[in-house]
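target-v4.cif follows (mmCIF, C-alpha atoms and all ligand atoms):
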```
data_upload
#
loop_
_atom_site.label_atom_id
_atom_site.label_comp_id
_atom_site.auth_asym_id
_atom_site.auth_seq_id
_atom_site.Cartn_x
_atom_site.Cartn_y
_atom_site.Cartn_z
CA MET A 1 -8.59 -11.33 -20.49
CA ALA A 2 -6.28 -10.06 -23.21
CA ASN A 3 -8.13 -6.76 -23.38
CA ASN A 4 -11.19 -5.47 -21.69
CA THR A 5 -13.92 -5.64 -24.29
CA LEU A 6 -17.42 -7.01 -23.85
CA GLN A 7 -16.89 -9.60 -26.58
CA ASN A 8 -14.02 -11.09 -24.55
CA ILE A 9 -16.15 -11.72 -21.48
CA THR A 10 -16.47 -15.45 -21.06
CA GLY A 11 -18.20 -15.59 -17.68
CA THR A 12 -21.80 -15.20 -16.56
CA ILE A 13 -23.33 -11.90 -15.45
CA LEU A 14 -26.30 -11.40 -13.15
CA LEU A 15 -27.89 -7.95 -13.03
CA ALA A 16 -29.91 -7.37 -9.86
CA GLY A 17 -32.27 -4.44 -10.42
CA ALA A 18 -33.13 -3.59 -14.03
CA GLY A 19 -34.57 -0.13 -13.35
CA LYS A 20 -33.40 3.18 -14.82
CA MET A 21 -29.66 2.67 -14.28
CA GLY A 22 -29.47 -1.12 -14.39
CA GLY A 23 -31.65 -1.17 -17.52
CA ALA A 24 -29.47 1.48 -19.19
CA MET A 25 -26.36 -0.55 -18.40
CA LEU A 26 -27.90 -3.73 -19.78
CA THR A 27 -28.82 -1.90 -23.00
CA GLY A 28 -25.22 -0.67 -23.28
CA TRP A 29 -23.78 -4.15 -22.74
CA LEU A 30 -25.94 -5.76 -25.41
CA ALA A 31 -25.36 -2.88 -27.85
CA GLY A 32 -21.62 -3.27 -27.19
CA GLY A 33 -21.65 -6.92 -28.21
CA LEU A 34 -22.03 -8.81 -24.94
CA ASP A 35 -23.54 -12.22 -25.62
CA PRO A 36 -27.11 -12.01 -24.19
CA ARG A 37 -26.92 -15.69 -23.22
CA ARG A 38 -24.30 -14.75 -20.62
CA VAL A 39 -26.71 -12.38 -18.86
CA ALA A 40 -29.42 -13.02 -16.28
CA VAL A 41 -31.64 -10.38 -14.68
CA ILE A 42 -33.31 -10.39 -11.28
CA ASP A 43 -36.06 -7.82 -10.73
CA PRO A 44 -39.45 -8.34 -9.07
CA HIS A 45 -41.21 -6.27 -11.77
CA VAL A 46 -39.33 -6.74 -15.02
CA ALA A 47 -40.18 -3.96 -17.50
CA PRO A 48 -41.59 -5.07 -20.91
CA GLU A 49 -38.43 -4.00 -22.78
CA ILE A 50 -36.32 -6.14 -20.43
CA SER A 51 -38.74 -9.10 -20.69
CA ALA A 52 -38.40 -8.88 -24.48
CA LEU A 53 -34.68 -9.63 -24.13
CA ALA A 54 -35.55 -13.18 -23.08
CA ALA A 55 -36.04 -13.93 -26.79
CA LYS A 56 -32.35 -13.09 -27.30
CA GLY A 57 -31.24 -15.41 -24.52
CA VAL A 58 -31.24 -13.17 -21.42
CA VAL A 59 -32.44 -15.28 -18.47
CA LEU A 60 -35.11 -13.63 -16.33
CA ASN A 61 -35.33 -14.18 -12.58
CA PRO A 62 -33.17 -17.32 -12.37
CA ASP A 63 -33.56 -19.69 -9.45
CA ALA A 64 -30.48 -19.61 -7.21
CA ALA A 65 -30.74 -23.32 -6.45
CA THR A 66 -30.43 -24.29 -10.11
CA ALA A 67 -28.33 -21.35 -11.42
CA GLY A 68 -25.51 -21.67 -8.85
CA ALA A 69 -22.73 -19.11 -8.47
CA ILE A 70 -22.15 -16.62 -11.25
CA ASP A 71 -18.96 -14.80 -12.28
CA THR A 72 -20.11 -11.19 -12.02
CA LEU A 73 -23.03 -9.84 -10.01
CA VAL A 74 -24.03 -6.25 -10.83
CA VAL A 75 -26.12 -4.75 -8.03
CA ALA A 76 -28.38 -1.91 -9.17
CA VAL A 77 -31.17 -1.94 -6.59
CA LYS A 78 -31.93 1.07 -4.41
CA PRO A 79 -29.51 1.36 -1.47
CA GLN A 80 -32.47 1.21 0.93
CA MET A 81 -33.42 -2.21 -0.56
CA PHE A 82 -29.91 -3.60 -0.49
CA ARG A 83 -29.91 -5.60 2.75
CA GLU A 84 -33.15 -7.37 1.81
CA ALA A 85 -32.11 -7.89 -1.81
CA GLY A 86 -28.53 -8.83 -0.88
CA ALA A 87 -29.63 -11.77 1.27
CA LYS A 88 -31.46 -13.24 -1.76
CA LEU A 89 -28.42 -12.64 -3.97
CA LYS A 90 -25.93 -14.36 -1.67
CA PRO A 91 -26.59 -17.88 -3.13
CA PHE A 92 -25.35 -16.57 -6.51
CA VAL A 93 -22.03 -15.45 -5.01
CA SER A 94 -18.94 -17.60 -4.44
CA ASP A 95 -15.38 -16.60 -3.48
CA LYS A 96 -14.70 -16.26 -7.20
CA THR A 97 -17.64 -13.94 -7.90
CA SER A 98 -16.99 -10.29 -8.63
CA VAL A 99 -19.70 -8.02 -7.16
CA VAL A 100 -20.04 -4.70 -9.01
CA SER A 101 -22.30 -2.29 -7.14
CA ILE A 102 -23.62 1.00 -8.49
CA MET A 103 -25.62 1.82 -5.34
CA ALA A 104 -25.18 5.29 -3.92
CA GLY A 105 -23.62 5.37 -0.48
CA THR A 106 -23.30 1.60 -0.07
CA THR A 107 -19.74 0.86 1.03
CA ILE A 108 -17.39 -1.92 -0.02
CA ALA A 109 -17.44 -3.15 3.59
CA SER A 110 -21.24 -3.55 3.65
CA LEU A 111 -21.24 -5.22 0.23
CA GLU A 112 -18.63 -7.67 1.50
CA GLU A 113 -20.69 -8.28 4.62
CA VAL A 114 -24.03 -8.83 2.85
CA CYS A 115 -22.98 -10.46 -0.45
CA GLY A 116 -19.34 -11.52 -0.10
CA GLY A 117 -17.26 -11.84 -3.27
CA ALA A 118 -14.70 -9.42 -4.68
CA VAL A 119 -16.32 -5.99 -4.66
CA VAL A 120 -16.09 -3.13 -7.13
CA ARG A 121 -18.01 -0.03 -6.04
CA ALA A 122 -18.98 2.18 -8.97
CA MET A 123 -20.99 5.32 -9.59
CA PRO A 124 -22.37 5.80 -13.14
CA ASN A 125 -24.83 8.44 -14.36
CA THR A 126 -27.88 8.41 -16.64
CA PRO A 127 -26.19 9.64 -19.86
CA ALA A 128 -25.10 5.98 -19.77
CA ALA A 129 -28.38 5.36 -21.61
CA ILE A 130 -26.84 6.92 -24.76
CA GLY A 131 -23.28 5.69 -24.17
CA ARG A 132 -22.23 9.09 -22.81
CA GLY A 133 -22.10 8.35 -19.10
CA ILE A 134 -19.15 8.74 -16.79
CA THR A 135 -18.48 6.17 -14.11
CA VAL A 136 -16.04 6.33 -11.22
CA ALA A 137 -15.01 2.97 -9.77
CA VAL A 138 -12.97 1.70 -6.85
CA ALA A 139 -11.94 -1.92 -6.33
CA ALA A 140 -11.52 -3.81 -3.06
CA LYS A 141 -8.06 -5.27 -2.43
CA ASN A 142 -9.12 -8.84 -3.34
CA VAL A 143 -10.39 -7.93 -6.83
CA SER A 144 -8.14 -9.71 -9.35
CA PRO A 145 -6.86 -7.99 -12.52
CA ALA A 146 -9.19 -10.22 -14.58
CA GLN A 147 -12.22 -9.29 -12.44
CA ARG A 148 -11.29 -5.63 -12.68
CA ALA A 149 -11.04 -5.96 -16.48
CA VAL A 150 -14.54 -7.44 -16.69
CA ALA A 151 -15.92 -4.68 -14.44
CA ASP A 152 -14.14 -2.07 -16.55
CA ALA A 153 -15.63 -3.50 -19.77
CA LEU A 154 -19.15 -3.54 -18.30
CA LEU A 155 -18.87 0.03 -17.03
CA ARG A 156 -17.08 1.37 -20.13
CA ALA A 157 -19.93 0.06 -22.34
CA THR A 158 -21.95 3.05 -21.12
CA GLY A 159 -19.32 5.78 -21.46
CA SER A 160 -15.98 6.60 -19.86
CA VAL A 161 -14.57 5.19 -16.62
CA GLU A 162 -12.24 6.67 -14.00
CA TRP A 163 -10.72 4.30 -11.45
CA VAL A 164 -9.77 5.74 -8.06
CA GLU A 165 -7.93 4.16 -5.14
CA ASP A 166 -9.68 6.05 -2.34
CA GLU A 167 -13.24 4.90 -1.58
CA GLY A 168 -13.67 8.05 0.51
CA LEU A 169 -14.04 10.02 -2.74
CA MET A 170 -17.21 8.17 -3.75
CA ASP A 171 -19.70 10.30 -1.80
CA ALA A 172 -18.52 13.50 -3.50
CA VAL A 173 -18.32 11.67 -6.86
CA THR A 174 -21.96 10.65 -6.40
CA ALA A 175 -22.87 14.26 -5.64
CA VAL A 176 -21.03 15.66 -8.69
CA SER A 177 -21.44 13.17 -11.55
CA GLY A 178 -23.95 10.60 -10.26
CA SER A 179 -26.58 13.21 -9.43
CA GLY A 180 -25.08 15.85 -11.77
CA PRO A 181 -27.35 15.23 -14.78
CA ALA A 182 -30.30 16.32 -12.63
CA TYR A 183 -28.68 19.72 -12.06
CA VAL A 184 -28.21 20.18 -15.81
CA PHE A 185 -31.82 19.19 -16.52
CA LEU A 186 -32.96 21.60 -13.81
CA LEU A 187 -30.97 24.33 -15.57
CA ALA A 188 -32.89 23.55 -18.79
CA GLU A 189 -36.20 23.65 -16.89
CA GLU A 190 -35.46 26.95 -15.16
CA LEU A 191 -33.99 28.60 -18.27
CA ALA A 192 -37.26 27.82 -20.08
CA ARG A 193 -39.33 29.06 -17.14
CA ALA A 194 -37.38 32.33 -17.00
CA GLY A 195 -37.85 32.72 -20.76
CA VAL A 196 -41.63 32.47 -20.29
CA GLU A 197 -41.37 34.99 -17.46
CA ALA A 198 -39.53 37.31 -19.89
CA GLY A 199 -42.43 37.06 -22.37
CA LEU A 200 -41.63 34.09 -24.66
CA PRO A 201 -44.31 31.56 -25.66
CA GLU A 202 -43.78 28.38 -23.60
CA ALA A 203 -43.04 26.09 -26.56
CA LEU A 204 -40.41 28.46 -27.91
CA ALA A 205 -38.81 28.98 -24.49
CA THR A 206 -38.67 25.21 -23.94
CA LYS A 207 -37.05 24.65 -27.32
CA LEU A 208 -34.52 27.46 -26.82
CA ALA A 209 -33.55 26.16 -23.38
CA ARG A 210 -33.23 22.56 -24.57
CA GLU A 211 -31.16 23.40 -27.64
CA THR A 212 -28.98 25.79 -25.65
CA VAL A 213 -28.19 23.22 -22.96
CA THR A 214 -27.57 20.37 -25.41
CA GLY A 215 -25.63 22.53 -27.88
CA SER A 216 -23.47 23.98 -25.11
CA GLY A 217 -22.88 20.50 -23.68
CA GLU A 218 -21.80 19.25 -27.10
CA LEU A 219 -19.50 22.27 -27.58
CA LEU A 220 -17.93 21.61 -24.19
CA HIS A 221 -17.55 17.94 -25.16
CA ARG A 222 -15.89 18.63 -28.48
CA SER A 223 -13.77 21.64 -27.49
CA GLU A 224 -10.39 21.41 -25.80
CA LEU A 225 -11.05 24.76 -24.11
CA PRO A 226 -12.02 24.85 -20.43
CA ALA A 227 -15.61 25.73 -19.54
CA SER A 228 -14.47 29.11 -18.22
CA THR A 229 -13.02 30.09 -21.64
CA LEU A 230 -16.15 28.94 -23.47
CA ARG A 231 -18.15 31.08 -21.03
CA GLN A 232 -15.88 34.08 -21.64
CA ASN A 233 -16.32 33.59 -25.40
CA VAL A 234 -20.04 34.30 -24.99
CA THR A 235 -19.50 37.33 -22.80
CA SER A 236 -19.11 40.53 -24.81
CA PRO A 237 -17.80 43.40 -22.65
CA GLY A 238 -20.72 45.44 -21.37
CA GLY A 239 -23.19 43.13 -23.13
CA THR A 240 -26.20 41.02 -22.23
CA THR A 241 -24.30 37.97 -20.95
CA ALA A 242 -22.24 40.12 -18.60
CA ALA A 243 -25.49 41.52 -17.21
CA ALA A 244 -26.85 38.00 -16.54
CA LEU A 245 -23.55 36.71 -15.15
CA GLY A 246 -23.48 39.66 -12.77
CA VAL A 247 -26.51 38.02 -11.15
CA LEU A 248 -25.40 34.35 -11.45
CA MET A 249 -21.85 35.08 -10.27
CA GLY A 250 -22.90 37.61 -7.63
CA GLU A 251 -23.08 37.11 -3.87
CA PRO A 252 -24.85 34.82 -3.20
CA GLY A 253 -24.60 33.28 -6.64
CA LEU A 254 -24.46 29.93 -8.39
CA ARG A 255 -21.11 29.10 -6.73
CA ASP A 256 -22.58 29.24 -3.23
CA LEU A 257 -25.71 27.37 -4.30
CA MET A 258 -23.69 24.65 -6.02
CA ILE A 259 -21.37 24.23 -3.03
CA ARG A 260 -24.44 23.83 -0.80
CA ALA A 261 -26.11 21.42 -3.23
CA ILE A 262 -23.01 19.22 -3.55
CA ALA A 263 -22.53 19.25 0.22
CA ALA A 264 -26.17 18.14 0.70
CA ALA A 265 -25.81 15.28 -1.81
CA THR A 266 -22.46 14.21 -0.31
CA LYS A 267 -24.01 14.18 3.16
CA ARG A 268 -26.97 12.11 1.89
CA SER A 269 -24.61 9.61 0.25
CA LYS A 270 -22.82 9.19 3.60
CA GLU A 271 -26.19 8.74 5.35
CA LEU A 272 -27.18 6.00 2.87
CA ALA A 273 -24.13 4.04 4.06
CA LYS A 274 -25.73 3.65 7.50
N1 LIG A 301 -30.79 6.90 -11.37
C1 LIG A 301 -29.54 7.38 -11.40
O1 LIG A 301 -29.25 8.43 -11.98
C2 LIG A 301 -28.45 6.62 -10.72
C3 LIG A 301 -28.71 5.58 -9.86
N2 LIG A 301 -27.68 4.92 -9.25
C4 LIG A 301 -27.96 3.83 -8.34
O2 LIG A 301 -28.59 2.82 -9.09
C5 LIG A 301 -29.47 2.10 -8.24
C6 LIG A 301 -30.82 1.99 -8.91
O3 LIG A 301 -31.32 3.28 -9.12
P1 LIG A 301 -32.44 3.53 -10.22
O4 LIG A 301 -32.15 2.70 -11.41
O5 LIG A 301 -32.58 4.98 -10.33
O6 LIG A 301 -33.69 2.92 -9.45
P2 LIG A 301 -34.91 2.11 -10.03
O7 LIG A 301 -35.95 2.09 -8.95
O8 LIG A 301 -35.27 2.60 -11.38
O9 LIG A 301 -34.32 0.62 -10.21
C7 LIG A 301 -34.20 -0.29 -9.16
C8 LIG A 301 -34.79 -1.60 -9.66
O10 LIG A 301 -34.53 -2.62 -8.68
C9 LIG A 301 -35.71 -3.40 -8.56
N3 LIG A 301 -35.70 -4.16 -7.31
C10 LIG A 301 -36.30 -3.91 -6.14
N4 LIG A 301 -36.05 -4.89 -5.25
C11 LIG A 301 -35.26 -5.80 -5.89
C12 LIG A 301 -34.68 -7.04 -5.51
N5 LIG A 301 -34.87 -7.54 -4.29
N6 LIG A 301 -33.92 -7.69 -6.41
C13 LIG A 301 -33.74 -7.19 -7.65
N7 LIG A 301 -34.28 -6.02 -8.08
C14 LIG A 301 -35.02 -5.33 -7.20
C15 LIG A 301 -36.80 -2.36 -8.62
O11 LIG A 301 -38.05 -2.95 -8.85
P3 LIG A 301 -39.36 -2.18 -8.27
O12 LIG A 301 -39.41 -0.86 -8.98
O13 LIG A 301 -40.47 -3.09 -8.61
O14 LIG A 301 -39.14 -2.01 -6.80
C16 LIG A 301 -36.31 -1.53 -9.81
O15 LIG A 301 -36.68 -2.09 -11.04
C17 LIG A 301 -29.53 2.84 -6.91
O16 LIG A 301 -28.77 2.14 -5.96
C18 LIG A 301 -28.90 4.18 -7.21
O17 LIG A 301 -28.19 4.69 -6.11
C19 LIG A 301 -26.38 5.21 -9.51
C20 LIG A 301 -26.07 6.21 -10.37
C21 LIG A 301 -27.07 7.03 -11.00
O1 LIG A 302 -30.36 10.14 -6.39
C1 LIG A 302 -29.72 9.12 -6.14
O2 LIG A 302 -29.61 8.71 -4.95
C2 LIG A 302 -29.06 8.34 -7.25
C3 LIG A 302 -27.57 8.24 -7.06
C4 LIG A 302 -26.98 9.19 -8.03
C5 LIG A 302 -28.10 9.56 -8.90
N1 LIG A 302 -29.22 9.05 -8.49
#
```

Turn this file's structure into structure tokens for me.
Ligand SMILES: NC(=O)C1=CN([C@@H]2O[C@H](COP(=O)(O)OP(=O)(O)OC[C@H]3O[C@@H](n4cnc5c(N)ncnc54)[C@H](OP(=O)(O)O)[C@@H]3O)[C@@H](O)[C@H]2O)C=CC1
Ligand SMILES: O=C(O)[C@@H]1CCC=N1
Amino acid sequence: MANNTLQNITGTILLAGAGKMGGAMLTGWLAGGLDPRRVAVIDPHVAPEISALAAKGVVLNPDAATAGAIDTLVVAVKPQMFREAGAKLKPFVSDKTSVVSIMAGTTIASLEEVCGGAVVRAMPNTPAAIGRGITVAVAAKNVSPAQRAVADALLRATGSVEWVEDEGLMDAVTAVSGSGPAYVFLLAEELARAGVEAGLPEALATKLARETVTGSGELLHRSELPASTLRQNVTSPGGTTAAALGVLMGEPGLRDLMIRAIAAATKRSKELAK
């Protein structure tokens, strides 16, 4: 491919698992200009919004015997389902097929064993649904530059992409950015709850927490300043923020909790590999 855009993709794409992440990726591809007639979806319970894409040319639950091998297989089933699902996907895979997996924990070696093909292991996150995801990807040695370009275009349709060489980083990546949106949403939930505890009406507390998290996220996105400087900009000496940060940055504080949380998620990602 001359450059890695969705419009330049000439091959066929099969998405296995059109749930929360797979569905968000599919939406991003079509919004980014991928020809729907190039895409097929396999999912035992196709959601109505995915079924509706058949009218645009997306093929639903193709038969392996008639479809034959495809160019790019994107695997977005749960890691626990992978061995069962992978066996059914194998007929779609030839030596020339690129297999792009977004499954947590599932290693390149097990993807090669179950599906074959040239494997790209990737970890996106749910802001992909609005084109603001971040994906980290690692390619097996046999992935060609053209296959990598197609994978890059498919992943970049949902946000930014970082390629790494070391697959060993993927468990911690999953813990930080794959699962990370959940930590931010939890912050919004708990900020609202604490506001209610401090005497605010629930609707107002919920709105304040939501707008504070989204506004701060957007400020962080647009600013060139590091998060620590943006935090310091809120913190007047001897003021209210300093009082709260004395708790959050105390011992034990958010740092210890976050280290423990990331360690737990990293450990779980490693367990899912087994
Ligand atoms: N959610 C997230 O934030 C992220 C998820 N991921 C990864 O994405 C993958 C999917 O997660 P998520 O979207 O949350 O999960 P979902 O359960 O929403 O999606 C999985 C989909 O796969 C379908 N499915 C089950 N068996 C098969 C099969 N044999 N062939 C094809 N499709 C099948 C499921 O159908 P049914 O429901 O009927 O079983 C479901 O629609 C996981 O591997 C996860 O690790 C990666 C990054 C972030
Ligand atoms: O919770 C999970 O296992 C998946 C992977 C990253 C986000 N969700």

Point to revise | 6 Å contact set for Ala128 (chain A), all atoms listed in the file, chain neighbours under 4 positions out, as a count of residues only | key: 3

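Shortest atom-to-atom contact with Thr174 (chain A) among A:Leu111, A:Leu53, A:Val136, A:Ala188: A:Val136, counting all atoms listed in the file.
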
At a cut-off of 7 Å and counting all atoms listed in the file, what residues surround ligand LIG 302 (chain A)? Please answer as an mmCIF file with C-alpha atoms, in the frame of the given file.
```cif
data_model
loop_
_atom_site.group_PDB
_atom_site.id
_atom_site.type_symbol
_atom_site.label_atom_id
_atom_site.label_comp_id
_atom_site.auth_asym_id
_atom_site.auth_seq_id
_atom_site.Cartn_x
_atom_site.Cartn_y
_atom_site.Cartn_z
ATOM 1 C CA MET A 103 -25.620 1.820 -5.340
ATOM 2 C CA ALA A 104 -25.180 5.290 -3.920
ATOM 3 C CA ASN A 125 -24.830 8.440 -14.360
ATOM 4 C CA THR A 174 -21.960 10.650 -6.400
ATOM 5 C CA ALA A 175 -22.870 14.260 -5.640
ATOM 6 C CA GLY A 178 -23.950 10.600 -10.260
ATOM 7 C CA SER A 179 -26.580 13.210 -9.430
#
```

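A straight line drawn from atom C8 of ligand LIG 301 (chain A) to CA of Tyr183 (chain A) is 22.3 Å long.
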
Exercise for review: Would you list the residues that come within 10 Å of ligand LIG 301 (chain A)? Count all atoms listed in the file and give the answer as a PyMOL selection string.
Suggested key: chain A and resi 15-25+41-47+61+75-89+101-106+122-128+133-135+174-175+177-182+269+272

For region 61-128 of chain A versus region 31-39 of chain A, which residues have an atom no more than 10 Å away, and what is each residue's nearest atom pair and distance in Å rounded to one decimal, using only C-alpha atoms, chain-then-number order, as JSON lines?
```
{"residue": "A:Ile70", "atom": "CA", "partner": "A:Arg38", "partner_atom": "CA", "distance": 9.8}
{"residue": "A:Asp71", "atom": "CA", "partner": "A:Arg38", "partner_atom": "CA", "distance": 9.9}
{"residue": "A:Thr72", "atom": "CA", "partner": "A:Val39", "partner_atom": "CA", "distance": 9.6}
{"residue": "A:Leu73", "atom": "CA", "partner": "A:Val39", "partner_atom": "CA", "distance": 9.9}
```

Put those residues in a file: C-alpha atoms, as a PDB file, in the coordinates of the input.
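This went into again-v9.pdb:
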```pdb
ATOM      1  CA  ILE A  70     -22.150 -16.620 -11.250  1.00  0.00           C
ATOM      2  CA  ASP A  71     -18.960 -14.800 -12.280  1.00  0.00           C
ATOM      3  CA  THR A  72     -20.110 -11.190 -12.020  1.00  0.00           C
ATOM      4  CA  LEU A  73     -23.030  -9.840 -10.010  1.00  0.00           C
TER       5      LEU A  73
END
```

Review point. Out of A:Val114, A:Ile262, A:Ala109, A:Ala129, which residue has the shortest atom-to-atom distance to Ala157 (chain A) when counting only C-alpha atoms?
Key: A:Ala129

Practice item. Record the distance separating CA of Gly250 (chain A) and CA of Leu204 (chain A), expressed in Å with one decimal. Key: 28.3 Å

Check your understanding: Expressed in Å to a single decimal, how great is the separation between CA of Glu271 (chain A) and CA of Thr107 (chain A)?
Key -> 11.1 Å

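Neighbours of Leu220 (chain A) closer than or equal to 12 Å, with all atoms listed in the file counted and sequence neighbours fewer than 6 positions away skipped, come out as Thr212, Val213, Thr214, Pro226, Ala227, Ser228, Thr229, Leu230 and Arg231 of chain A.
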
Could you give me the centre and size, in Å to one decimal, of an axis-aligned box around all listed atoms of region 192-207 of chain A with 6 Å added on every side, as JSON?
```
{"center_x": -40.7, "center_y": 31.0, "center_z": -22.5, "size_x": 19.3, "size_y": 24.7, "size_z": 22.9}
```

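Counting all atoms listed in the file, Val100 (chain A) has the following residues at most 6 Å away, ignoring those fewer than 2 positions along the same chain: Val74, Val119, Val120 and Arg121 of chain A.
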
Can you write out as JSON lines which residues of region 145-222 of chain A fall within 12 Å of region 232-245 of chain A, alongside each residue's closest atom pair and its distance in Å to one decimal, counting only C-alpha atoms and ordering rows by chain and ascending residue number?
```
{"residue": "A:Leu191", "atom": "CA", "partner": "A:Ala244", "partner_atom": "CA", "distance": 11.9}
{"residue": "A:Ala194", "atom": "CA", "partner": "A:Ala244", "partner_atom": "CA", "distance": 12.0}
{"residue": "A:Ser216", "atom": "CA", "partner": "A:Val234", "partner_atom": "CA", "distance": 10.9}
{"residue": "A:Leu219", "atom": "CA", "partner": "A:Asn233", "partner_atom": "CA", "distance": 12.0}
```

Check your understanding: When distances are computed from only C-alpha atoms, which of A:Asp171, A:Glu49, A:Leu60, A:Ala149 shows the smallest separation from Lys267 (chain A)?
Key -> A:Asp171

Selection near Pro91 (chain A), 9 Å with all atoms listed in the file, sequence-local residues under 2 positions removed, as an mmCIF file with C-alpha atoms, in the frame of the given file:
```cif
data_model
loop_
_atom_site.group_PDB
_atom_site.id
_atom_site.type_symbol
_atom_site.label_atom_id
_atom_site.label_comp_id
_atom_site.auth_asym_id
_atom_site.auth_seq_id
_atom_site.Cartn_x
_atom_site.Cartn_y
_atom_site.Cartn_z
ATOM 1 C CA ALA A 64 -30.480 -19.610 -7.210
ATOM 2 C CA ALA A 65 -30.740 -23.320 -6.450
ATOM 3 C CA GLY A 68 -25.510 -21.670 -8.850
ATOM 4 C CA ALA A 69 -22.730 -19.110 -8.470
ATOM 5 C CA ALA A 87 -29.630 -11.770 1.270
ATOM 6 C CA LYS A 88 -31.460 -13.240 -1.760
ATOM 7 C CA LEU A 89 -28.420 -12.640 -3.970
ATOM 8 C CA VAL A 93 -22.030 -15.450 -5.010
ATOM 9 C CA SER A 94 -18.940 -17.600 -4.440
ATOM 10 C CA CYS A 115 -22.980 -10.460 -0.450
#
```

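Considering only C-alpha atoms, the residue among A:Gly11, A:Gly168, A:Gly217, A:Gly28 positioned nearest to Thr97 (chain A) is A:Gly11.
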
**Study point:** Residue with smallest distance to Gln7 (chain A) - pool A:Arg255, A:Val150, A:Val161, A:Ser110, counting all atoms listed in the file
**Key:** A:Val150
